[in-house]
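Enquirer: Here it is, the structure, as structure tokens.
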Amino acid sequence: MPVHYVKSDGSCSCSKGKDCKSKGKHPAPKSWKEFQTKKANKEQLKQWFDGQYKDFNIGVVTGKVSNNVFAVDVDIGEGKDGSDNFDDLQMANDDLPQTLEQRTGSGGKHLFFKAPENVEIKTDKNTLGGGIDTRGEGGFVVVAPSNHESSQNYTLNTQVPHIEESPDWLTKLTVNTAPSMNGSASLQSSQTDKWGDLVDGREGYMVQLLMGTIRTFWTQKGIIPTVQQLVEEAYPTYENKCRARGRSLEEDGRGKKVFEKKANYLLWKARKNELRILQDVEKGSEISQQTESVAPLHDQLRNGARSGSPELSSPLILADWNLSIYSGEAPEQEWLIENILPRRIPGLVAAVGGLGKSFILLDLAMKVAGGDQGMHKERALGGDVITNGKVVFLTAEDSKDGVHRRLRNIAGASLFDRANGNLIVVPLPDAGGAKPLIQNTMGQYTTTAIFEDIRSQLIEMGDVALIIFDPLQAFAAADINTDPAAAQFWWSNISELCVATGANVLVAHHMRKEGTFSIKKSVHAREAIRGTTALVDGARWVYGLWQMPESDEVVVAQKMDFESGVGNCVMGGIVKVNDQADNTPRAFIRDESGLLIDRTIEVDTILEQSAKLDKLQTTEIFSEINRRWGTEEPFSIATNTTRSLQAYLLSEYGMPRRAAKGYIEAWQQQNFIENAVHDSSKKTKGVRVVRTPDER
Ligand SMILES: [Zn+2]
């Protein structure tokens with residue numbers, strides 16, 4: 001069935017547009033209800049999808065009309081407990097068979113099953129526990145490749161291309177009998193496991209990890225492990241990931257004892273050939289040719305062999321890091337972009353969809369590849385590009401033709417020629433599709449063969465200055481937005497890639513769309529980045545691109561003579577950096593070719609006129625200066641530091657740069673503030689209040 005889609009400006013294709021409460025998720029034809037009981041024939045489909053509803057989203061009606069196929073809808077994401085409850089559900093019953101699956105636009109998943117003919121599957125919320133719905137009779141699901149409000153499309157997991165029959169226990173829990181009674185009964189059973197204990201997320205993880213480890217033993221060593229082998233292998237991982245709520249995991253009843261008990265139970269099932277996860281893989285099917293990859297961990301460590309995890313790549317010798325290696329002159333900070341992007345660090349570039357982040361990254365790639373520090377100094381992200389070298393750009397967002405058009409739009413002939421031979425752009429849709437770098441194999445994160453392959457090619461290439469992955473989720477076959485462990489694993493591997501290649505690695509990512517029109521400070525931009533905080537924490541540098549606040553944009557658009565509200569004004573700035581850098585936001589204005597040009601100075605000038613501090617704001621600022629003076633980090637007169645008073649006025653009070661500078665200079669001249677020695681032992685200076693403006 002044709003379903004309304006989300007337009008590029010975020011509105012629904014239906015007549016309600018931006019006000020639609022169900023953007024891109026409701027049927028498009030007015031007469032859709034009849035198709036809940038009658039299957040649309042080929043002519044009807046042709047009439048819809050080749051005609052009036054060409055390029056619309058696609059919905060599939062579930063239930064009897066579709067051979068009793070239904071969907072289990074698991075809500076995954078921040079503040080959603082579907083994922084944990086889904087583990088619990090399988091714990092309490094059995095692991096679900098592998099079946100056709102899709103990732104929804106909101107990051108959740110749909111698993112498709114076929115129910116026996118004679119039953120009616122419920123369409124309801126929380127049917128199988130909190131955050132796990134079922135779509136059966138009278139329901140429908142939006143399917144891949146439909147688009148979504150979040151700007152992520154629905155994607156099909158093609159690993160299992162068929163729809164499995166619903167296991168009896170699942171059918172029982174979802175069948176529509178006495179609706180009012182049944183809901184609570186099924187909820188009950190999903191929260192209690194075979195031992196009658198209340199289950200939580202940790203137990204689900206425990207079982208997932210145990211099953212994954214059993215599977216690894218089975219495929220990589222051709223054996224079912226003993227209880228001791230299994231616990232020795234898996235428990236450290238579990239202990240590392242799961243936090244105790246009380247004094248210890250043992251005290252919570254989630255420690256080694258329970259772990260062994262579950263290990264025993266699962267091994268007993270495995271030996272009886274009742275463990276579903278072993279039924280579709282062959283014994284010993286992944287035994288490696290190289291002997292060292294199956295060698296015990298301590299052998300790998302001794303040989304310095306690389307395994308999936310970079311921490312194991314070489315042993316850490318503490319004595320190598322004696323103070324003597326820090327003697328002499330300290331090396332100067334090196335930059336890829338002066339005062340903006342330090343060299344050889346992993347970074348994240350986050351933007352609201354549709355703001356042109358891919359365009360900006362491609363522009364940066366051209367300038368790093370095609371600039372030369374003497375003749376052609378190029379500017380990007382508000383600074384001078386001062387390191388040049390080879391650039392490798394992998395994009396899942398554009399086709400070859402799309403990249404071609406963009407490159408031609410960005411670069412004049414001379415930049416194109418200079419970059420030629422230095423820039424590799426891989427449009428994944430034309431290069432064999434998605435290339436995941438990390439994956440989740442039954443509860444454990446590993447790097448893929450693709451990652452190892454790309455890594456060694458990059459090292460071999462030499463002199464690579466910049467590597468870009470666009471966007472992040474196309475390169476991570478893992479719940480990178482929801483599982484902090486996935487984000488951590490991702491960044492530890494990307495950091496290692498920086499060290500191994502000597503390049504900056506930038507990863508593009510999305511920001512939530514909601515509320516981004518009102519981002520006034522870079523800290524808000526940081527909060528709008530999708531996914532867990534581990535995703536931001538793991539990056540050494542995070543650059544955000546967000547819409548200019550509406551109140552400013554209206555003024556700027558009017559003065560510069562373009563349309564406001566359509567993404568022509570974009571703010572960009574560092575929202576997190578571990579090193580010193582200029583973190584004042586810049587203003588970018590889109591030119592005719594679609595590229596964002598740094599026009600901060602003009603925008604500031606325009607906004608300056610209205611930039612006056614009132615008495616209350618002045619008092620606030622002075623008390624903040626005073627408060628900071630009493631801390632380790634007083635405000636600084638210098639601008640290229642996170643302590644910058646100017647940056648504070650810019651981000652906190654939305655002041656234009658010049659106005660902020662003017663105020664600070666005036667306060668200094670009139671002796672309201674002074675730049676004083678703050679810490680004589682460290683020789684740091686800071687801004688100190690001499691007297692407040694109201695004092696006489
Ligand atoms: Zn709508």
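In the structure tokens, each chain is lettered A, B, ... as it comes, each chain's residues begin at 1, and ligands are numbered from 1 in order of appearance.
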Give as an MDAnalysis selection string the residues surrounding ligand 1 up to a distance of 12 Å, considering only C-alpha atoms and all ligand atoms.

Expert: chainID A and resid 3:7 10:29 56:57 148:149

Enquirer: What's around Asp133 (chain A) at 7 Å? Count only C-alpha atoms, leave out sequence neighbours fewer than 2 positions away in its own chain, and write the answer as number ranges by chain.

Expert: A: 72-74, 124-128, 131, 135

Enquirer: Next, write the just-selected residues to a file, as a PDB file, in the first residue's frame, keeping N, CA, C and O atoms as the atom set.

Expert:
```pdb
ATOM      1  N   VAL A  72       6.946  -8.369  14.648  1.00  0.00           N
ATOM      2  CA  VAL A  72       7.266  -8.024  16.029  1.00  0.00           C
ATOM      3  C   VAL A  72       8.084  -6.742  15.950  1.00  0.00           C
ATOM      4  O   VAL A  72       9.096  -6.684  15.268  1.00  0.00           O
ATOM      5  N   ASP A  73       7.581  -5.701  16.617  1.00  0.00           N
ATOM      6  CA  ASP A  73       8.147  -4.352  16.477  1.00  0.00           C
ATOM      7  C   ASP A  73       8.885  -4.002  17.763  1.00  0.00           C
ATOM      8  O   ASP A  73       8.274  -3.790  18.800  1.00  0.00           O
ATOM      9  N   VAL A  74      10.209  -3.984  17.712  1.00  0.00           N
ATOM     10  CA  VAL A  74      11.004  -3.716  18.912  1.00  0.00           C
ATOM     11  C   VAL A  74      11.497  -2.277  18.880  1.00  0.00           C
ATOM     12  O   VAL A  74      12.193  -1.868  17.965  1.00  0.00           O
ATOM     13  N   ASP A 124      -1.222  -4.521  18.539  1.00  0.00           N
ATOM     14  CA  ASP A 124      -1.346  -3.756  19.783  1.00  0.00           C
ATOM     15  C   ASP A 124       0.024  -3.315  20.275  1.00  0.00           C
ATOM     16  O   ASP A 124       1.053  -3.816  19.821  1.00  0.00           O
ATOM     17  N   LYS A 125      -0.016  -2.382  21.215  1.00  0.00           N
ATOM     18  CA  LYS A 125       1.230  -1.895  21.806  1.00  0.00           C
ATOM     19  C   LYS A 125       1.636  -2.797  22.964  1.00  0.00           C
ATOM     20  O   LYS A 125       0.793  -3.352  23.658  1.00  0.00           O
ATOM     21  N   ASN A 126       2.938  -2.916  23.182  1.00  0.00           N
ATOM     22  CA  ASN A 126       3.506  -3.626  24.339  1.00  0.00           C
ATOM     23  C   ASN A 126       2.953  -5.042  24.512  1.00  0.00           C
ATOM     24  O   ASN A 126       2.827  -5.520  25.632  1.00  0.00           O
ATOM     25  N   THR A 127       2.587  -5.670  23.416  1.00  0.00           N
ATOM     26  CA  THR A 127       2.024  -7.019  23.468  1.00  0.00           C
ATOM     27  C   THR A 127       2.983  -8.002  24.126  1.00  0.00           C
ATOM     28  O   THR A 127       2.590  -8.923  24.817  1.00  0.00           O
ATOM     29  N   LEU A 128       4.274  -7.820  23.872  1.00  0.00           N
ATOM     30  CA  LEU A 128       5.253  -8.810  24.332  1.00  0.00           C
ATOM     31  C   LEU A 128       6.178  -8.229  25.394  1.00  0.00           C
ATOM     32  O   LEU A 128       7.275  -8.712  25.607  1.00  0.00           O
ATOM     33  N   GLY A 131       7.705  -1.810  25.090  1.00  0.00           N
ATOM     34  CA  GLY A 131       8.470  -1.475  23.896  1.00  0.00           C
ATOM     35  C   GLY A 131       8.492  -2.558  22.838  1.00  0.00           C
ATOM     36  O   GLY A 131       9.216  -2.454  21.866  1.00  0.00           O
ATOM     37  N   ARG A 135       2.244  -6.307  15.110  1.00  0.00           N
ATOM     38  CA  ARG A 135       1.373  -5.824  14.035  1.00  0.00           C
ATOM     39  C   ARG A 135       0.846  -7.048  13.311  1.00  0.00           C
ATOM     40  O   ARG A 135       1.592  -7.697  12.582  1.00  0.00           O
TER      41      ARG A 135
END
```

Enquirer: If we count only C-alpha atoms and set the cut-off at 10 Å, which residues sit around Thr584 (chain A), ignoring sequence neighbours fewer than 4 positions away in its own chain? Please answer as a list in words.

Expert: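 Skipping anything fewer than 4 positions along the chain leaves Ile340, Gly382, Lys521, Ser522, Gly572, Gly573, Ile574, Val575, Thr639, Asn640, Thr641, Thr642, Ser644, Gln646, Ala647, Tyr648, Leu649, Leu650, Ser651 and Arg657 of chain A.
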
Enquirer: Export, as a short mmCIF file (atom, residue, chain, number, x, y, z; two decimals), in the first residue's frame, the selected residues with N, CA and C atoms.

Expert:
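As written to disk, selection_16.cif reads:
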```cif
data_model
loop_
_atom_site.label_atom_id
_atom_site.label_comp_id
_atom_site.auth_asym_id
_atom_site.auth_seq_id
_atom_site.Cartn_x
_atom_site.Cartn_y
_atom_site.Cartn_z
N ILE A 340 41.52 24.81 14.28
CA ILE A 340 40.20 24.17 14.25
C ILE A 340 40.34 22.66 14.44
N GLY A 382 35.89 27.15 8.58
CA GLY A 382 36.23 28.37 9.30
C GLY A 382 37.70 28.55 9.60
N LYS A 521 23.51 27.71 21.55
CA LYS A 521 24.87 27.53 22.04
C LYS A 521 25.39 26.19 21.54
N SER A 522 26.70 26.10 21.45
CA SER A 522 27.25 24.85 20.93
C SER A 522 26.96 23.69 21.86
N GLY A 572 28.22 26.56 12.29
CA GLY A 572 29.12 25.42 12.43
C GLY A 572 30.16 25.73 13.48
N GLY A 573 30.53 24.74 14.23
CA GLY A 573 31.57 24.98 15.22
C GLY A 573 31.95 23.72 15.96
N ILE A 574 33.09 23.82 16.60
CA ILE A 574 33.55 22.69 17.41
C ILE A 574 32.65 22.61 18.63
N VAL A 575 32.05 21.46 18.86
CA VAL A 575 31.21 21.34 20.04
C VAL A 575 31.90 20.51 21.11
N THR A 639 41.41 34.14 22.58
CA THR A 639 40.22 33.56 21.96
C THR A 639 40.37 32.10 21.58
N ASN A 640 41.61 31.62 21.48
CA ASN A 640 41.77 30.24 21.01
C ASN A 640 41.84 29.24 22.16
N THR A 641 40.98 29.43 23.14
CA THR A 641 40.95 28.52 24.27
C THR A 641 39.51 28.29 24.69
N THR A 642 39.28 27.17 25.34
CA THR A 642 37.92 26.88 25.81
C THR A 642 37.51 27.85 26.92
N SER A 644 37.83 31.07 26.74
CA SER A 644 37.66 32.39 26.15
C SER A 644 36.38 33.11 26.60
N GLN A 646 35.32 35.83 25.26
CA GLN A 646 34.63 36.23 24.04
C GLN A 646 33.71 35.11 23.52
N ALA A 647 34.25 33.90 23.52
CA ALA A 647 33.46 32.75 23.06
C ALA A 647 32.24 32.56 23.96
N TYR A 648 32.43 32.83 25.26
CA TYR A 648 31.32 32.69 26.20
C TYR A 648 30.20 33.69 25.87
N LEU A 649 30.58 34.93 25.59
CA LEU A 649 29.58 35.94 25.25
C LEU A 649 28.87 35.58 23.95
N LEU A 650 29.64 35.00 23.02
CA LEU A 650 29.07 34.60 21.74
C LEU A 650 28.06 33.48 21.91
N SER A 651 28.47 32.46 22.65
CA SER A 651 27.60 31.29 22.72
C SER A 651 26.48 31.48 23.74
N ARG A 657 30.52 38.52 17.26
CA ARG A 657 31.92 38.55 17.66
C ARG A 657 32.42 39.98 17.95
#
```

Enquirer: Would you work out the distance separating CA of Ala503 (chain A) from CA of Arg526 (chain A), expressed in Å to one decimal?

Expert: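 Straight-line distance from CA of Ala503 (chain A) to CA of Arg526 (chain A) works out to 24.3 Å.
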
Enquirer: Within 10 Å of Val566 (chain A), counting only C-alpha atoms, which residues show up once you throw out same-chain ones fewer than 2 positions away? Write them as a list in words, please.

Expert: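 That gives Asp9, Gly354, Leu355, Gln547, Phe562, Glu563, Ser564, Asn568 and Cys569 of chain A.
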
Enquirer: Skip Val556 (chain A) itself and residues of its chain fewer than 5 positions away, then list as a ChimeraX atom specification all residues within 10 Å of it, counting only C-alpha atoms.

Expert: /A:548,550-551,561-564,569,589,602-607

Enquirer: What's around Asn422 (chain A) at 9 Å? Count only C-alpha atoms, leave out sequence neighbours fewer than 3 positions away in its own chain, and write the answer as a list in words.

Expert: Met366, Val368, Ala369, Gly370, Gly389, Lys390, Val391, Val392, Arg418, Ala419 and Val464 of chain A

Enquirer: Identify all residues of region 375-499 of chain A in strand (DSSP E or B) (DSSP on the backbone) and supply them as number ranges by chain.

Expert: A: 376, 378-380, 383-385, 390-395, 423-427, 438-441, 444-447, 464-470, 476-477

Enquirer: List the spatial neighbours of Lys256 (chain A) as a list in words - criterion: any atom at most 12 Å away, only C-alpha atoms, same-chain residues fewer than 2 positions off excluded.

Expert: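 Near Lys256 (chain A), the qualifying residues are Glu203, Met206, Val227, Gln228, Leu230, Val231, Glu232, Ala234, Tyr235, Pro236, Thr237, Tyr238, Glu239, Cys242, Ser248, Leu249, Glu250, Glu251, Asp252, Gly253, Arg254, Val258, Phe259, Glu260, Lys261, Lys262 and Ala263 of chain A.
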
Enquirer: If you measure from CA of Pro116 (chain A) to CA of Leu45 (chain A), what distance in Å do you get, rounded to one decimal?

Expert: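 Computed distance, CA of Pro116 (chain A) to CA of Leu45 (chain A), equals 26.9 Å.
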
Enquirer: Find the residue from A:Arg540, A:His524, A:Arg408, A:Lys377 that sits nearest to Gly347 (chain A); use only C-alpha atoms when measuring.

Expert: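 Nearest candidate to Gly347 (chain A) out of A:Arg540, A:His524, A:Arg408, A:Lys377: A:Arg540.
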
Enquirer: Just checking: using only C-alpha atoms, which residue out of A:Val385, A:Asp94, A:Arg658, A:Glu633 ends up closest to Glu274 (chain A)?

Expert: A:Asp94

Enquirer: Between CA of Gln668 (chain A) and CA of Val577 (chain A), measure the distance and give it in Å to one decimal.

Expert: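 Here the two named atoms are 28.8 Å from each other.
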
Enquirer: Counting only C-alpha atoms, which residue out of A:Gly353, A:Ala659, A:Ala581, A:Asn388 sits closest to Ile601 (chain A)?

Expert: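 Using only C-alpha atoms, Ile601 (chain A) sits closest to A:Ala659.
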
Enquirer: For Val141 (chain A), which of A:Ala476, A:Ala71, A:Val499, A:Leu415 is the closest residue, counting only C-alpha atoms?

Expert: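 The closest residue to Val141 (chain A) is A:Ala71.
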